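Worksheet: one structure, shown below.
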Amino acid sequence: MTATLLDRDGEKKAKVDRATIESRLSSGDFFWLDLENPDEDDFALLRDVFHFHPLALEDSEQFGQRPKIEDYGSFVFLVVYGAAPPPDVDRLVELHCFYSESYLVTVRREHAPSCEELRKRYTRQPGQLERPIVVVYRLLDSLSDSFFPALEDYDERIDAIEDAIFIDPKDEHLQEIVRMKRSLNRLRRVVGPQRDVIGQLFGGIATLPGSDAEAERYFRDIFDHLIRVADLIDKDLLTGAMDVYLSMVSNRLNLVVEKLTVLSTVLLPLIVITGFFGQNFGWLVRHIDSLAAFVLLALVLPIAGASLLIYYIRRQRLF
């Protein structure tokens, strides 16, 4: 468990106890408490000191939820997502937020670069912690913008796969395409609902504490960013790679069929001749009574027939 407390003085604490939180709450000054991989003591702190609603606490302990926003009167509970850099498997970071004009509490189980970069920014500039609604905006904006580098990584990987497929299509390429397709589907299931959640913040459906007309303009900007992300995902970046793979496999199959067709065509005179001599007629047996006759009928005739057929095929440019 890692707990970080950030207030207007830019102070950070690796260990946050009950007395510290109670002191911050009683002072009324805004602070940001970031809990990474919280344990039972942390959830007890949220329950006994912050007195969050039991339903919100229950949601904060259950990860894998859809993005959402819920108003509990004294605070607002949000579930939002951002993108994580490799080697994260699903490239997603789920963030649970408790927000009021007095505090911002974030709960997560994974490394979240967006949170840490924003926190470091305020830490480097003591006394520059902005008003609460601006901090929330910057956090949501950073999480939303983190999807763009992730999609660029997907795009670069897709280009690399397409280049490899042109050289030598393999089953491993198809498996990689399928894995990336599943990962993009997970992104799609997150970005769409999160876009709708942000849309509520400036559409009058939901209101964050301390929000005003100016803040809504900034939330509209986040909404525009998420629309762009959704559009990029909906283009189905992997369709082109899949088409390239299927085309290359089809071309390879056509080449194999062409070679087999030529081979079977060349062997056709041999099959006809050997089939003819394989008939049980006495004339055939009586007239092959010397080595010269055997060489002429069994070797020269089939080779001559195959050669004439090859000459005809090349002359007609059939293959």
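Each chain of the structure tokens is named A, B, ... in the order shown, its residues numbered from 1; ligands are numbered from 1 in display order.
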
Worksheet item: A:Asp7: which residues within 7 Å, counting only C-alpha atoms, same-chain residues fewer than 5 positions away excluded, as a PyMOL selection string?
Response: chain A and resi 30-32

Fill in: Contacts of A:Phe50 within 9 Å, only C-alpha atoms, excl. fewer than 2 positions in-chain, as number ranges by chain
A: 21-22, 25, 45-48, 52

I'd like a table as JSON lines: residues in stretch 103-149 of chain A with an atom no more than 10 Å from stretch 72-82 of chain A, each row giving the shortest atom pair and its distance in Å to one decimal, only C-alpha atoms counted, sorted by chain and rising residue number.
```
{"residue": "A:Tyr103", "atom": "CA", "partner": "A:Phe75", "partner_atom": "CA", "distance": 9.1}
{"residue": "A:Leu104", "atom": "CA", "partner": "A:Phe75", "partner_atom": "CA", "distance": 9.4}
{"residue": "A:Val105", "atom": "CA", "partner": "A:Phe77", "partner_atom": "CA", "distance": 9.6}
{"residue": "A:Thr106", "atom": "CA", "partner": "A:Leu78", "partner_atom": "CA", "distance": 9.4}
{"residue": "A:Val107", "atom": "CA", "partner": "A:Val79", "partner_atom": "CA", "distance": 9.7}
{"residue": "A:Ala112", "atom": "CA", "partner": "A:Gly82", "partner_atom": "CA", "distance": 7.8}
{"residue": "A:Pro113", "atom": "CA", "partner": "A:Gly82", "partner_atom": "CA", "distance": 9.0}
{"residue": "A:Ser114", "atom": "CA", "partner": "A:Gly82", "partner_atom": "CA", "distance": 7.6}
{"residue": "A:Cys115", "atom": "CA", "partner": "A:Gly82", "partner_atom": "CA", "distance": 9.7}
{"residue": "A:Leu139", "atom": "CA", "partner": "A:Gly82", "partner_atom": "CA", "distance": 9.9}
{"residue": "A:Leu140", "atom": "CA", "partner": "A:Val80", "partner_atom": "CA", "distance": 7.9}
{"residue": "A:Asp141", "atom": "CA", "partner": "A:Gly82", "partner_atom": "CA", "distance": 9.6}
{"residue": "A:Ser142", "atom": "CA", "partner": "A:Gly82", "partner_atom": "CA", "distance": 8.0}
{"residue": "A:Leu143", "atom": "CA", "partner": "A:Gly82", "partner_atom": "CA", "distance": 4.4}
{"residue": "A:Ser144", "atom": "CA", "partner": "A:Gly82", "partner_atom": "CA", "distance": 5.9}
{"residue": "A:Asp145", "atom": "CA", "partner": "A:Gly82", "partner_atom": "CA", "distance": 8.0}
{"residue": "A:Ser146", "atom": "CA", "partner": "A:Gly82", "partner_atom": "CA", "distance": 6.0}
{"residue": "A:Phe147", "atom": "CA", "partner": "A:Gly82", "partner_atom": "CA", "distance": 6.5}
```

Fill in: Length of the atom CA of A:Ile69 to atom CA of A:Glu110 vector [Å]
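Distance reported for this atom pair: 20.7 Å.
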
Hey, what does DSSP flag as alpha helix (DSSP H) within stretch 86-166 of chain A? Can you give it to me as a short mmCIF file (atom, residue, chain, number, x, y, z; two decimals) with C-alpha atoms, in the first residue's frame?
```cif
data_model
loop_
_atom_site.label_atom_id
_atom_site.label_comp_id
_atom_site.auth_asym_id
_atom_site.auth_seq_id
_atom_site.Cartn_x
_atom_site.Cartn_y
_atom_site.Cartn_z
CA PRO A 113 1.33 7.77 -14.50
CA SER A 114 -1.37 10.43 -14.90
CA CYS A 115 -1.85 10.69 -11.13
CA GLU A 116 1.82 10.66 -10.31
CA GLU A 117 2.80 13.21 -12.94
CA LEU A 118 0.11 15.64 -11.79
CA ARG A 119 1.05 15.14 -8.16
CA LYS A 120 4.73 15.73 -8.91
CA ARG A 121 3.81 18.89 -10.77
CA TYR A 122 2.14 20.35 -7.69
CA THR A 123 4.94 19.06 -5.45
CA ARG A 124 7.58 20.92 -7.47
CA PRO A 132 -10.44 21.95 -6.17
CA ILE A 133 -12.44 21.90 -9.41
CA VAL A 134 -9.26 22.73 -11.39
CA VAL A 135 -7.37 19.86 -9.78
CA VAL A 136 -10.16 17.47 -10.74
CA TYR A 137 -10.21 18.85 -14.27
CA ARG A 138 -6.46 18.40 -14.66
CA LEU A 139 -6.68 14.83 -13.37
CA LEU A 140 -9.54 13.88 -15.71
CA ASP A 141 -7.82 15.63 -18.61
CA SER A 142 -4.56 13.79 -17.96
CA LEU A 143 -6.36 10.44 -17.76
CA SER A 144 -8.25 11.09 -20.99
CA ASP A 145 -5.17 12.28 -22.88
CA PHE A 147 -5.29 7.17 -24.33
CA PHE A 148 -3.58 8.91 -27.26
CA PRO A 149 -0.06 7.51 -26.60
CA ALA A 150 -1.58 4.07 -26.10
CA LEU A 151 -3.34 4.24 -29.47
CA GLU A 152 -0.10 5.44 -31.10
CA ASP A 153 1.64 2.37 -29.67
CA TYR A 154 -1.08 0.18 -31.16
CA ASP A 155 -0.71 1.94 -34.50
CA GLU A 156 3.06 1.42 -34.56
CA ARG A 157 2.68 -2.23 -33.59
CA ILE A 158 0.09 -2.73 -36.33
CA ASP A 159 2.46 -1.23 -38.92
CA ALA A 160 5.22 -3.57 -37.75
CA ILE A 161 2.90 -6.58 -38.00
CA GLU A 162 1.81 -5.60 -41.52
CA ASP A 163 5.46 -5.31 -42.61
CA ALA A 164 6.22 -8.73 -41.15
CA ILE A 165 3.16 -10.23 -42.86
CA PHE A 166 4.34 -8.94 -46.25
#
```

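Pairwise distance (atom CA of A:Val229, atom CA of A:Leu187) equals 9.5 Å.
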
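Between A:Asp39 and the residues A:His111, A:Ala3, A:Leu226, A:Pro169, the shortest atom-to-atom distance, using only C-alpha atoms, involves A:Ala3.
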
Worksheet entry | Pick from A:Leu92, A:Asp59, A:Ser27, A:Tyr99, whichever lies nearest to A:Leu208 using only C-alpha atoms |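 Comparing A:Leu92, A:Asp59, A:Ser27, A:Tyr99 against A:Leu208, the winner is A:Tyr99.
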
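Distance annotation: of A:Pro209, A:Ser290, A:Pro86, A:Val266, the residue with the minimal separation from A:Ala304 is A:Val266; atom set is only C-alpha atoms.
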